$ cat start21.cif   # mmCIF, C-alpha atoms
data_upload
#
loop_
_atom_site.label_atom_id
_atom_site.label_comp_id
_atom_site.auth_asym_id
_atom_site.auth_seq_id
_atom_site.Cartn_x
_atom_site.Cartn_y
_atom_site.Cartn_z
CA MET A 1 0.00 0.00 0.00
CA ALA A 2 2.84 2.41 0.84
CA ASP A 3 4.55 1.62 -2.47
CA ALA A 4 1.35 2.38 -4.39
CA LEU A 5 0.97 5.71 -2.57
CA ARG A 6 4.56 6.63 -3.37
CA ILE A 7 4.03 5.79 -7.04
CA LEU A 8 0.80 7.80 -7.10
CA LEU A 9 2.50 10.77 -5.40
CA LEU A 10 5.39 10.60 -7.86
CA ALA A 11 2.96 10.51 -10.79
CA LEU A 12 1.10 13.54 -9.43
CA LEU A 13 4.37 15.45 -8.99
CA VAL A 14 5.41 14.62 -12.57
CA ALA A 15 2.00 15.71 -13.89
CA ALA A 16 2.13 18.96 -11.92
CA GLY A 17 5.66 19.58 -13.17
CA LEU A 18 4.61 19.02 -16.78
CA VAL A 19 1.67 21.42 -16.36
CA ALA A 20 4.00 24.08 -14.96
CA VAL A 21 6.52 23.48 -17.77
CA ARG A 22 3.75 23.73 -20.37
CA ARG A 23 2.64 27.12 -19.05
CA ARG A 24 6.04 28.69 -18.37
CA LEU A 25 8.34 26.89 -20.83
CA PRO A 26 6.18 25.78 -23.79
CA VAL A 27 9.24 25.14 -25.99
CA LEU A 28 10.68 22.67 -23.47
CA PHE A 29 7.29 20.99 -23.06
CA TRP A 30 7.02 20.64 -26.82
CA TRP A 31 10.39 18.88 -27.07
CA LEU A 32 9.69 16.60 -24.10
CA VAL A 33 6.05 15.67 -24.72
CA GLY A 34 4.43 17.47 -27.64
CA TYR A 35 6.74 16.52 -30.51
CA PRO A 36 6.93 12.77 -29.69
CA ALA A 37 3.15 12.55 -29.20
CA VAL A 38 2.20 14.46 -32.34
CA THR A 39 4.82 12.67 -34.45
CA LEU A 40 3.52 9.29 -33.34
CA ARG A 41 -0.04 10.36 -34.12
CA VAL A 42 0.95 11.63 -37.57
CA LEU A 43 2.88 8.48 -38.50
CA THR A 44 0.17 6.07 -37.36
CA THR A 45 -2.82 7.91 -38.84
CA TYR A 46 -1.31 9.59 -41.90
CA ARG A 47 -2.97 7.45 -44.57
CA ALA A 48 -6.36 7.35 -42.86
CA THR A 49 -6.34 11.10 -42.19
CA MET A 50 -5.42 11.97 -45.76
CA ASP A 51 -8.17 9.67 -47.04
CA ALA A 52 -10.75 11.18 -44.69
CA CYS A 53 -9.79 14.70 -45.80
CA GLY A 54 -10.07 13.80 -49.48
CA LEU A 55 -6.35 14.23 -50.12
CA THR A 56 -5.72 10.80 -51.64
CA VAL A 57 -5.80 9.71 -55.27
CA PRO A 58 -6.75 6.37 -56.84
CA ALA A 59 -3.98 3.81 -57.02
CA SER A 60 -2.04 3.43 -60.24
CA ALA A 61 -2.94 0.83 -62.84
CA MET A 62 0.04 -1.27 -61.78
CA ARG A 63 -1.09 -1.31 -58.14
CA ARG A 64 -4.67 -2.12 -59.10
CA ALA A 65 -3.55 -5.01 -61.26
CA THR A 66 -1.30 -6.35 -58.50
CA ALA A 67 -4.14 -6.05 -55.97
CA ARG A 68 -6.52 -7.98 -58.25
CA MET A 69 -3.95 -10.76 -58.60
CA LEU A 70 -3.81 -11.02 -54.80
CA GLY A 71 -7.56 -10.83 -54.43
CA ARG A 72 -7.48 -7.47 -52.72
CA GLN A 73 -8.74 -4.00 -53.39
CA ALA A 74 -6.19 -1.27 -54.08
CA ALA A 75 -6.40 1.45 -51.42
CA PRO A 76 -6.23 5.14 -52.38
CA VAL A 77 -2.72 6.57 -52.30
CA PRO A 78 -1.84 9.57 -50.09
CA PRO A 79 0.86 12.08 -51.07
CA ARG A 80 4.41 10.93 -50.42
CA ARG A 81 5.85 12.58 -47.32
CA SER A 82 9.11 13.08 -45.53
CA LEU A 83 9.71 12.30 -41.88
CA PRO A 84 8.19 14.86 -39.49
CA LEU A 85 11.13 17.08 -38.52
CA PRO A 86 10.97 19.19 -35.32
CA THR A 87 11.10 22.98 -35.35
CA GLY A 88 11.23 25.54 -32.57
CA SER A 89 7.43 25.71 -32.43
CA GLY A 90 6.18 22.50 -34.01
CA LEU A 91 7.14 20.16 -36.81
CA VAL A 92 7.35 20.25 -40.57
CA MET A 93 6.74 17.67 -43.30
CA ARG A 94 7.46 17.99 -46.99
CA LEU A 95 4.86 16.45 -49.28
CA ARG A 96 5.00 15.46 -52.92
CA MET A 97 1.54 15.98 -54.39
CA ALA A 98 -0.01 13.43 -56.68
CA ALA A 99 -1.14 14.25 -60.19
CA GLY A 100 -4.25 16.41 -60.14
CA GLN A 101 -3.66 17.84 -56.66
CA ALA A 102 -3.06 21.52 -55.90
CA PRO A 103 -1.87 23.37 -52.79
CA GLU A 104 -5.36 24.87 -52.44
CA ASP A 105 -6.70 21.36 -51.67
CA PHE A 106 -4.42 21.10 -48.65
CA THR A 107 -5.09 24.68 -47.54
CA ALA A 108 -8.84 23.98 -47.53
CA SER A 109 -8.25 20.91 -45.35
CA ALA A 110 -5.78 22.56 -42.95
CA ASP A 111 -8.36 22.91 -40.16
CA ARG A 112 -9.36 19.25 -40.44
CA LEU A 113 -5.72 18.17 -40.31
CA ARG A 114 -5.24 20.35 -37.24
CA HIS A 115 -8.04 18.58 -35.35
CA ALA A 116 -7.03 15.11 -36.56
CA TRP A 117 -3.44 15.46 -35.36
CA GLY A 118 -4.06 17.56 -32.25
CA ALA A 119 -1.98 20.55 -33.37
CA HIS A 120 -2.66 24.19 -32.58
CA ALA A 121 -2.49 25.20 -36.25
CA VAL A 122 -1.50 23.80 -39.65
CA HIS A 123 0.07 25.99 -42.33
CA VAL A 124 0.58 25.02 -45.97
CA ARG A 125 3.29 26.60 -48.11
CA PRO A 126 4.13 25.58 -51.70
CA THR A 127 7.88 25.24 -52.18
CA LYS A 128 8.16 24.31 -55.86
CA PRO A 129 5.91 22.74 -58.51
CA GLY A 130 4.47 19.51 -57.21
CA ARG A 131 5.81 19.94 -53.67
CA LEU A 132 4.66 21.74 -50.58
CA GLU A 133 5.52 22.15 -46.93
CA LEU A 134 3.10 21.17 -44.19
CA ARG A 135 3.98 22.97 -40.95
CA LEU A 136 2.28 22.02 -37.68
CA VAL A 137 2.39 24.50 -34.79
CA GLY A 138 2.35 22.86 -31.39
CA TRP A 139 0.95 25.70 -29.25
CA ASP A 140 -0.25 29.30 -29.43
CA VAL A 141 3.06 31.05 -30.13
CA LEU A 142 1.36 34.47 -30.06
CA ALA A 143 0.29 34.11 -26.42
CA ASP A 144 3.66 35.29 -25.09
CA VAL A 145 6.08 36.82 -27.59
CA ARG A 146 9.63 37.55 -26.46
CA PRO A 147 12.21 39.57 -28.42
CA THR A 148 14.44 37.48 -30.63
CA ARG A 149 17.74 36.75 -28.90
CA ARG A 150 19.87 36.48 -31.98
CA TRP A 151 19.61 37.59 -35.57
CA LEU A 152 22.09 36.22 -38.06
CA ARG A 153 21.33 38.45 -41.04
CA THR A 154 23.47 41.54 -41.23
CA GLU A 155 21.94 43.41 -44.16
CA PRO A 156 21.18 47.07 -43.49
CA LEU A 157 17.57 48.09 -42.98
CA THR A 158 16.50 44.52 -42.22
CA LEU A 159 14.75 43.99 -38.88
CA PRO A 160 12.87 41.09 -37.22
CA LEU A 161 9.87 42.88 -35.72
CA ALA A 162 7.15 40.39 -34.81
CA LEU A 163 6.50 36.67 -34.46
CA ARG A 164 4.13 35.16 -37.01
CA GLU A 165 1.56 32.54 -36.07
CA ASP A 166 3.51 29.88 -37.96
CA GLY A 167 6.54 30.37 -35.70
CA HIS A 168 8.63 32.43 -38.16
CA TRP A 169 9.67 36.01 -37.51
CA HIS A 170 8.20 38.76 -39.65
CA VAL A 171 11.18 40.61 -41.12
CA ARG A 172 10.84 44.23 -42.20
CA ASP A 173 13.16 44.65 -45.18
CA PHE A 174 13.07 48.23 -46.40
CA ARG A 175 15.00 47.47 -49.58
CA THR A 176 12.36 44.92 -50.60
CA VAL A 177 9.27 46.69 -49.26
CA PRO A 178 10.30 50.35 -49.07
CA HIS A 179 7.05 51.92 -47.80
CA GLU A 180 4.48 50.69 -45.28
CA LEU A 181 1.01 51.60 -44.04
CA ILE A 182 0.30 50.81 -40.37
CA LEU A 183 -3.24 51.08 -39.01
CA GLY A 184 -4.61 50.38 -35.56
CA ALA A 185 -7.10 51.69 -33.04
CA THR A 186 -6.18 53.02 -29.61
CA GLN A 187 -4.68 50.31 -27.38
CA SER A 188 -4.37 47.93 -30.33
CA GLY A 189 -0.57 47.59 -30.12
CA LYS A 190 0.29 49.90 -33.00
CA SER A 191 2.55 52.05 -30.83
CA VAL A 192 4.45 48.98 -29.59
CA TYR A 193 5.07 47.89 -33.18
CA LEU A 194 6.39 51.37 -33.97
CA ARG A 195 8.67 51.30 -30.91
CA ASN A 196 10.20 48.01 -32.02
CA LEU A 197 10.67 49.38 -35.52
CA LEU A 198 12.15 52.66 -34.36
CA CYS A 199 14.50 51.05 -31.83
CA GLY A 200 15.75 48.58 -34.42
CA LEU A 201 16.53 51.41 -36.82
CA ALA A 202 18.08 53.52 -34.07
CA ARG A 203 20.94 51.03 -33.79
CA GLN A 204 21.81 51.48 -37.47
CA PRO A 205 23.32 54.46 -39.33
CA VAL A 206 19.95 55.74 -40.50
CA ALA A 207 18.39 59.21 -40.37
CA LEU A 208 15.07 59.04 -38.52
CA VAL A 209 12.58 61.79 -39.35
CA GLY A 210 9.22 62.22 -37.66
CA ILE A 211 5.96 64.04 -38.41
CA ASP A 212 3.66 63.97 -35.40
CA CYS A 213 0.79 66.45 -35.38
CA LYS A 214 -0.41 65.38 -31.93
CA TRP A 215 1.91 68.10 -30.65
CA GLY A 216 4.74 65.57 -30.78
CA VAL A 217 3.57 63.45 -27.86
CA GLU A 218 4.00 60.17 -29.76
CA LEU A 219 7.51 60.74 -31.13
CA ALA A 220 8.93 63.24 -28.62
CA PRO A 221 10.24 60.49 -26.27
CA PHE A 222 12.58 59.43 -29.10
CA ALA A 223 13.87 62.94 -29.80
CA HIS A 224 17.43 62.02 -28.78
CA ARG A 225 17.72 59.86 -31.92
CA LEU A 226 15.58 61.86 -34.37
CA SER A 227 17.25 63.95 -37.05
CA ALA A 228 14.08 66.00 -37.52
CA LEU A 229 10.65 66.32 -35.94
CA ALA A 230 7.65 68.35 -37.13
CA ASP A 231 4.77 68.70 -34.67
CA THR A 232 2.45 71.05 -36.60
CA PRO A 233 0.99 70.87 -40.12
CA ASP A 234 2.91 73.98 -41.19
CA ARG A 235 6.27 72.57 -40.07
CA ALA A 236 5.35 69.22 -41.61
CA ASN A 237 4.74 70.96 -44.94
CA ASP A 238 8.14 72.66 -44.74
CA LEU A 239 9.84 69.40 -43.74
CA LEU A 240 8.34 67.59 -46.74
CA ASP A 241 9.73 70.35 -49.00
CA VAL A 242 13.19 69.71 -47.57
CA LEU A 243 12.89 65.95 -48.08
CA VAL A 244 11.79 66.41 -51.70
CA ASP A 245 14.82 68.66 -52.30
CA GLU A 246 17.08 66.04 -50.67
CA MET A 247 15.59 63.36 -52.93
CA GLU A 248 16.22 65.44 -56.05
CA ASP A 249 19.86 66.00 -55.08
CA ARG A 250 20.31 62.27 -54.58
CA TYR A 251 18.94 61.61 -58.04
CA ASP A 252 21.52 64.01 -59.43
CA LEU A 253 24.18 62.00 -57.60
CA ILE A 254 22.86 58.76 -59.09
CA LYS A 255 22.77 60.17 -62.62
CA ALA A 256 26.43 61.11 -62.32
CA ARG A 257 27.19 57.39 -61.95
CA GLN A 258 25.15 56.11 -64.87
CA GLY A 259 27.92 56.05 -67.43
CA ILE A 260 27.60 59.65 -68.52
CA ALA A 261 31.29 60.27 -67.90
CA PRO A 262 33.49 58.23 -70.27
CA ASP A 263 35.76 57.02 -67.45
CA THR A 264 32.96 55.59 -65.25
CA PRO A 265 33.63 51.88 -64.49
CA ASP A 266 30.81 49.53 -65.44
CA GLU A 267 30.52 48.16 -61.89
CA GLU A 268 29.77 51.65 -60.59
CA ILE A 269 26.81 52.25 -62.92
CA THR A 270 23.70 52.17 -60.75
CA SER A 271 20.05 53.16 -60.58
CA ASP A 272 19.84 53.68 -56.79
CA ILE A 273 22.05 54.76 -53.92
CA TRP A 274 22.96 51.19 -52.97
CA GLY A 275 25.10 50.86 -56.08
CA LEU A 276 27.18 53.92 -55.20
CA PRO A 277 30.59 53.55 -53.56
CA GLU A 278 30.18 53.39 -49.82
CA SER A 279 32.19 56.57 -49.34
CA GLU A 280 29.75 58.50 -51.58
CA ARG A 281 26.52 56.81 -50.53
CA PRO A 282 24.09 59.10 -48.67
CA VAL A 283 22.58 57.77 -45.49
CA PRO A 284 19.09 56.22 -45.73
CA VAL A 285 16.21 58.29 -44.38
CA VAL A 286 13.10 56.77 -42.78
CA LEU A 287 10.14 59.14 -42.43
CA PHE A 288 7.54 58.30 -39.76
CA VAL A 289 4.18 59.98 -40.36
CA ASP A 290 2.17 59.40 -37.19
CA GLU A 291 -1.62 59.88 -37.05
CA VAL A 292 -1.87 60.70 -40.73
CA ALA A 293 -5.57 61.57 -40.43
CA GLU A 294 -4.77 64.29 -37.88
CA LEU A 295 -2.14 65.71 -40.21
CA PHE A 296 -4.59 66.18 -43.08
CA LEU A 297 -7.59 67.58 -41.23
CA ALA A 298 -8.84 70.69 -43.03
CA ALA A 299 -11.11 73.35 -41.56
CA SER A 300 -10.71 76.03 -44.23
CA LYS A 301 -9.76 76.51 -47.87
CA ASP A 302 -6.17 77.28 -46.88
CA ASP A 303 -6.01 74.02 -44.91
CA GLU A 304 -7.30 72.11 -47.94
CA LYS A 305 -4.62 73.64 -50.16
CA ARG A 306 -1.92 72.73 -47.67
CA ARG A 307 -3.35 69.21 -47.33
CA ASP A 308 -3.37 68.64 -51.09
CA ALA A 309 0.20 69.94 -51.31
CA MET A 310 1.39 67.59 -48.54
CA VAL A 311 -0.35 64.58 -50.08
CA THR A 312 1.31 65.39 -53.41
CA LYS A 313 4.73 65.55 -51.74
CA LEU A 314 4.15 62.27 -49.93
CA ILE A 315 3.14 60.63 -53.20
CA ARG A 316 6.33 61.92 -54.85
CA LEU A 317 8.42 60.56 -51.99
CA ALA A 318 6.60 57.23 -52.17
CA GLN A 319 6.98 56.92 -55.94
CA LEU A 320 10.60 58.06 -56.21
CA GLY A 321 12.04 57.73 -52.73
CA ARG A 322 13.10 54.07 -52.87
CA ALA A 323 15.97 54.67 -55.28
CA ALA A 324 17.07 57.70 -53.25
CA GLY A 325 17.05 55.77 -49.98
CA ILE A 326 14.03 57.59 -48.51
CA TYR A 327 11.42 55.30 -46.98
CA LEU A 328 7.96 55.97 -45.53
CA GLU A 329 6.13 54.59 -42.50
CA VAL A 330 2.60 56.03 -42.58
CA CYS A 331 0.64 55.33 -39.39
CA GLY A 332 -2.82 56.16 -38.13
CA GLN A 333 -6.06 54.97 -36.58
CA ARG A 334 -7.78 55.12 -39.95
CA PHE A 335 -6.92 55.85 -43.55
CA GLY A 336 -9.56 57.06 -45.93
CA ALA A 337 -11.21 59.95 -47.72
CA GLU A 338 -9.92 62.52 -45.21
CA LEU A 339 -6.63 62.51 -47.12
CA GLY A 340 -8.33 64.04 -50.11
CA LYS A 341 -8.05 63.07 -53.76
CA GLY A 342 -4.61 61.48 -53.45
CA ALA A 343 -5.49 58.91 -50.78
CA THR A 344 -5.88 55.98 -53.17
CA MET A 345 -2.72 56.87 -55.10
CA LEU A 346 -0.70 57.16 -51.89
CA ARG A 347 -2.04 53.86 -50.59
CA ALA A 348 -1.03 52.12 -53.82
CA GLN A 349 2.60 53.12 -53.19
CA LEU A 350 2.57 51.81 -49.60
CA THR A 351 3.06 48.17 -50.55
CA GLY A 352 3.67 46.98 -47.00
CA ARG A 353 0.46 46.76 -44.95
CA VAL A 354 0.06 46.15 -41.22
CA CYS A 355 -3.45 46.29 -39.73
CA HIS A 356 -3.97 45.95 -35.98
CA ARG A 357 -7.42 45.91 -34.41
CA VAL A 358 -9.44 48.73 -35.98
CA ASN A 359 -12.73 50.37 -35.04
CA ASP A 360 -14.41 50.02 -38.41
CA GLU A 361 -14.41 47.64 -41.35
CA THR A 362 -13.64 50.48 -43.77
CA SER A 363 -10.15 50.96 -42.33
CA ALA A 364 -9.43 47.24 -42.58
CA ASN A 365 -10.53 47.26 -46.21
CA MET A 366 -8.37 50.31 -46.94
CA ALA A 367 -5.37 48.51 -45.46
CA LEU A 368 -5.86 44.99 -46.79
CA GLY A 369 -8.88 44.89 -49.09
CA ASP A 370 -6.82 45.35 -52.25
CA ILE A 371 -4.44 42.57 -51.16
CA ALA A 372 -6.80 39.83 -49.98
CA PRO A 373 -10.43 40.19 -48.81
CA GLU A 374 -9.94 37.38 -46.27
CA ALA A 375 -7.04 39.34 -44.73
CA ALA A 376 -9.33 42.33 -44.11
CA LEU A 377 -11.88 40.00 -42.54
CA ALA A 378 -9.20 38.52 -40.27
CA ALA A 379 -8.21 42.03 -39.14
CA THR A 380 -11.76 42.78 -37.99
CA ARG A 381 -11.72 39.64 -35.80
CA ILE A 382 -8.66 40.51 -33.71
CA PRO A 383 -9.76 40.36 -30.05
CA ALA A 384 -9.30 43.44 -27.88
CA GLU A 385 -7.57 41.39 -25.17
CA ARG A 386 -4.73 40.56 -27.57
CA PRO A 387 -2.96 43.91 -28.10
CA GLY A 388 -0.10 43.68 -30.55
CA VAL A 389 -1.76 41.09 -32.79
CA ALA A 390 -1.98 42.33 -36.37
CA VAL A 391 -2.46 41.13 -39.92
CA VAL A 392 0.41 41.82 -42.30
CA GLY A 393 0.13 41.66 -46.06
CA ASP A 394 2.14 42.58 -49.11
CA SER A 395 1.52 43.30 -52.76
CA SER A 396 1.96 39.61 -53.67
CA GLY A 397 -1.35 38.76 -52.00
CA GLY A 398 0.17 36.81 -49.12
CA TRP A 399 -0.83 37.60 -45.52
CA SER A 400 -0.46 36.25 -42.02
CA ARG A 401 -1.06 37.15 -38.38
CA PHE A 402 1.74 38.21 -36.09
CA ARG A 403 2.33 39.78 -32.69
CA SER A 404 5.02 42.24 -31.64
CA PRO A 405 7.04 41.67 -28.47
CA HIS A 406 6.08 44.12 -25.75
CA LEU A 407 8.41 47.09 -25.47
CA THR A 408 7.73 49.81 -22.92
CA LEU A 409 8.00 53.48 -23.75
CA GLU A 410 10.73 53.90 -21.14
CA ASP A 411 12.87 51.13 -22.65
CA ALA A 412 12.41 52.51 -26.17
CA ALA A 413 13.36 56.02 -25.04
CA ALA A 414 16.45 54.61 -23.32
CA VAL A 415 17.54 52.93 -26.56
CA CYS A 416 17.21 56.24 -28.39
CA ARG A 417 19.25 58.03 -25.75
CA ASP A 418 21.99 55.39 -25.91
CA THR A 419 22.17 55.58 -29.71
CA SER A 420 22.04 59.37 -30.03
CA GLY A 421 25.65 59.34 -31.22
CA LEU A 422 24.57 57.56 -34.43
CA ILE A 423 22.61 60.54 -35.77
CA PRO A 424 24.03 61.15 -39.28
CA VAL A 425 24.99 64.55 -40.60
CA LEU A 426 22.30 66.00 -42.86
CA PRO A 427 22.61 69.81 -42.89
CA ARG A 428 19.21 70.28 -44.52
CA LEU A 429 17.49 68.84 -41.46
CA ASP A 430 19.32 70.86 -38.83
CA THR A 431 16.55 73.45 -38.53
CA PHE A 432 14.05 70.66 -37.74
CA ARG A 433 16.23 68.93 -35.15
CA PRO A 434 14.16 68.55 -31.96
CA ALA A 435 15.42 70.34 -28.90
CA VAL A 436 16.61 67.77 -26.38
CA PRO A 437 16.66 69.00 -22.79
CA GLN A 438 19.94 68.39 -21.04
CA PRO A 439 19.85 66.75 -17.63
CA SER A 440 20.03 69.47 -15.02
CA ALA A 441 22.59 69.23 -12.30
CA VAL A 442 21.05 68.17 -9.02
CA PRO A 443 22.07 70.63 -6.30
CA VAL A 444 23.97 69.06 -3.46
CA ALA A 445 22.10 69.42 -0.24
CA GLN A 446 24.06 71.48 2.30
CA PRO A 447 23.92 70.46 5.91
CA ALA A 448 21.84 72.75 8.01
CA THR A 449 23.94 75.11 10.14
CA ARG A 450 23.08 76.05 13.66
CA PRO A 451 23.93 79.34 15.20
CA VAL A 452 26.87 79.19 17.53
CA THR A 453 25.84 79.88 21.01
CA GLY A 454 28.26 80.82 23.67
#
$ encode --input "start21.cif" --output "structure tokens"
Amino acid sequence: MADALRILLLALLVAAGLVAVRRRLPVLFWWLVGYPAVTLRVLTTYRATMDACGLTVPASAMRRATARMLGRQAAPVPPRRSLPLPTGSGLVMRLRMAAGQAPEDFTASADRLRHAWGAHAVHVRPTKPGRLELRLVGWDVLADVRPTRRWLRTEPLTLPLALREDGHWHVRDFRTVPHELILGATQSGKSVYLRNLLCGLARQPVALVGIDCKWGVELAPFAHRLSALADTPDRANDLLDVLVDEMEDRYDLIKARQGIAPDTPDEEITSDIWGLPESERPVPVVLFVDEVAELFLAASKDDEKRRDAMVTKLIRLAQLGRAAGIYLEVCGQRFGAELGKGATMLRAQLTGRVCHRVNDETSANMALGDIAPEAALAATRIPAERPGVAVVGDSSGGWSRFRSPHLTLEDAAAVCRDTSGLIPVLPRLDTFRPAVPQPSAVPVAQPATRPVTG
């Protein structure tokens, strides 16, 4: 009896330990319990599951003839698969589709495969004609997102910003997707995404420029690292003029390297700043336009003229800025007709789209409707208790959910203070450089003196 109690107590302790590990260390729990269990389930039920999901094909004529000779019936054939290989958040199998199958067949059955194999999610990704990758996610990786500890890529303007629901990191590559539109309601996590983006850029030799017409309250904490900050519509209009002039000068620099001079080497002929010699290459500029709807509010005819002029300048920067190394991050709670006639044209140039929880379906459609209607629908279903969750899409039509790691305003401001020495020299922006208060010297308290009494 005592031995049975000891065994029962030990089993309870092991179960309690596994529950604690599952909650606090889900990766360790996956390697200890989840991966072996799911792999065993996949291997033992693969053929039956594929048949139940309609992902099998009739056997070949050779197999049918052989089965008739043996007095049997040839079973349907599932796609050929590789061994389930573990990943940091699940497992992955590579499938070779049979003739007549398409990746859309497996995507439509992803939810049924998830339930059959007890996974949190199943993602399908075509790799090359006739082959695809089936990725199983073992748990909700978006429940607790931590900053990535290491990043092996060293390309400039390339940042891992958020964890996708398939376990991969969403990488913001400005040279591939130069301009981005970021939408999100209050308390949706939009500001946290911007902090991660701004802090990642602050560690690189990049000029950070801000337009914040909420009197600068959103971007002022990062003033130590900003090369320019405009906090009123009038200053924003002047700042955009300066950026357009900077872009035109950079195009003149590029033209000088396009073989016009007879002694220009072929390897130095380029169509953007990244082909220039490093010693002559101007620093990249990233322009953050926060609360774009507030910037373009118009109460009079003069305001409307200024708004139309600013939209025109933003469109010019979006159309021509990539080659000059000038990139846009346009942010706001909504994006629509308040921008005037150029709203649709500006949106078309912002090929990167990030939509957090929004207050209306119109904003979701403005962000993602022209990419994929199902992505806009997914954005409207983001729960309020999951701040930081967003839907990201690109011009190729692909989209996915992700969540940014939490970054406090104090930590982001500290990063900008520590990297203030990386602000590049751009004389045109000196007049827009935000005033940074210097820490005042704390007076040393003097001991109180008592009158001398005799």
$ closest_residue --input "start21.cif" --among "A:Ile382, A:Thr66, A:Gly393, A:Ser227" --to "Gly369 (chain A)" --atoms "all atoms listed in the file"
A:Gly393
$ closest_residue --input "start21.cif" --among "A:Arg316, A:Arg81, A:Lys341, A:Lys190" --to "His356 (chain A)" --atoms "all atoms listed in the file"
A:Lys190
$ closest_atom_pairs --input "start21.cif" --of "region 372-397 of chain A" --to "region 168-171 of chain A" --cutoff "12 Å" --atoms "all atoms listed in the file" --output "CSV"
residue,atom,partner,partner_atom,distance
A:Ala390,CA,A:His170,CA,11.3
A:Val391,CA,A:His170,CA,10.9
A:Val392,CA,A:His170,CA,8.8
A:Gly393,CA,A:His170,CA,10.7
A:Asp394,CA,A:His170,CA,11.9
$ write_last_selection --input "start21.cif" --atoms "C-alpha atoms" --output "PDB file, in the frame of the given file"
ATOM      1  CA  ALA A 390      -1.980  42.330 -36.370  1.00  0.00           C
ATOM      2  CA  VAL A 391      -2.460  41.130 -39.920  1.00  0.00           C
ATOM      3  CA  VAL A 392       0.410  41.820 -42.300  1.00  0.00           C
ATOM      4  CA  GLY A 393       0.130  41.660 -46.060  1.00  0.00           C
ATOM      5  CA  ASP A 394       2.140  42.580 -49.110  1.00  0.00           C
TER       6      ASP A 394
END
$ residues_near_point --input "start21.cif" --point "(-0.6, 66.1, -35.9)" --cutoff "8 Å" --atoms "all atoms listed in the file" --output "count of residues only"
14
$ closest_residue --input "start21.cif" --among "A:Val206, A:Ile182, A:Leu297, A:Leu240" --to "Gly421 (chain A)" --atoms "all atoms listed in the file"
A:Val206
$ residues_around --input "start21.cif" --residues "region 55-63 of chain A" --least-positions-apart "3" --cutoff "6 Å" --atoms "all atoms listed in the file" --output "ChimeraX atom specification"
/A:50-51,66,76-78
$ write_last_selection --input "start21.cif" --atoms "C-alpha atoms" --output "PDB file, keeping the file's coordinate frame"
ATOM      1  CA  MET A  50      -5.420  11.970 -45.760  1.00  0.00           C
ATOM      2  CA  ASP A  51      -8.170   9.670 -47.040  1.00  0.00           C
ATOM      3  CA  THR A  66      -1.300  -6.350 -58.500  1.00  0.00           C
ATOM      4  CA  PRO A  76      -6.230   5.140 -52.380  1.00  0.00           C
ATOM      5  CA  VAL A  77      -2.720   6.570 -52.300  1.00  0.00           C
ATOM      6  CA  PRO A  78      -1.840   9.570 -50.090  1.00  0.00           C
TER       7      PRO A  78
END
$ closest_atom_pairs --input "start21.cif" --of "region 366-431 of chain A" --to "region 153-165 of chain A" --cutoff "7 Å" --atoms "only C-alpha atoms" --output "JSON lines"
{"residue": "A:Ser400", "atom": "CA", "partner": "A:Arg164", "partner_atom": "CA", "distance": 6.9}
{"residue": "A:Arg401", "atom": "CA", "partner": "A:Arg164", "partner_atom": "CA", "distance": 5.7}
{"residue": "A:Phe402", "atom": "CA", "partner": "A:Arg164", "partner_atom": "CA", "distance": 4.0}
{"residue": "A:Arg403", "atom": "CA", "partner": "A:Ala162", "partner_atom": "CA", "distance": 5.3}
{"residue": "A:Ser404", "atom": "CA", "partner": "A:Ala162", "partner_atom": "CA", "distance": 4.2}
{"residue": "A:Pro405", "atom": "CA", "partner": "A:Ala162", "partner_atom": "CA", "distance": 6.5}
$ closest_residue --input "start21.cif" --among "A:Val177, A:Val244, A:Ala119, A:Ala108" --to "Arg41 (chain A)" --atoms "all atoms listed in the file"
A:Ala119
$ closest_residue --input "start21.cif" --among "A:Pro373, A:Pro221, A:Pro205, A:Gly352" --to "Pro434 (chain A)" --atoms "all atoms listed in the file"
A:Pro221
$ resolve_selection --input "start21.cif" --expression "the PyMOL selection byres ((chain A and resi 253) around 12)" --output "short mmCIF file (atom, residue, chain, number, x, y, z; two decimals) with C-alpha atoms, in the coordinates of the input"
data_model
loop_
_atom_site.label_atom_id
_atom_site.label_comp_id
_atom_site.auth_asym_id
_atom_site.auth_seq_id
_atom_site.Cartn_x
_atom_site.Cartn_y
_atom_site.Cartn_z
CA GLU A 246 17.08 66.04 -50.67
CA MET A 247 15.59 63.36 -52.93
CA GLU A 248 16.22 65.44 -56.05
CA ASP A 249 19.86 66.00 -55.08
CA ARG A 250 20.31 62.27 -54.58
CA TYR A 251 18.94 61.61 -58.04
CA ASP A 252 21.52 64.01 -59.43
CA ILE A 254 22.86 58.76 -59.09
CA LYS A 255 22.77 60.17 -62.62
CA ALA A 256 26.43 61.11 -62.32
CA ARG A 257 27.19 57.39 -61.95
CA GLN A 258 25.15 56.11 -64.87
CA ILE A 260 27.60 59.65 -68.52
CA ILE A 269 26.81 52.25 -62.92
CA THR A 270 23.70 52.17 -60.75
CA SER A 271 20.05 53.16 -60.58
CA ASP A 272 19.84 53.68 -56.79
CA ILE A 273 22.05 54.76 -53.92
CA TRP A 274 22.96 51.19 -52.97
CA GLY A 275 25.10 50.86 -56.08
CA LEU A 276 27.18 53.92 -55.20
CA PRO A 277 30.59 53.55 -53.56
CA GLU A 280 29.75 58.50 -51.58
CA ARG A 281 26.52 56.81 -50.53
CA PRO A 282 24.09 59.10 -48.67
CA ALA A 323 15.97 54.67 -55.28
CA ALA A 324 17.07 57.70 -53.25
#
$ resolve_selection --input "start21.cif" --expression "the PyMOL selection byres ((chain A and resi 413-419) around 10)" --output "NGL selection string"
:A and (195 or 198-205 or 219-226 or 408-412 or 420-423)
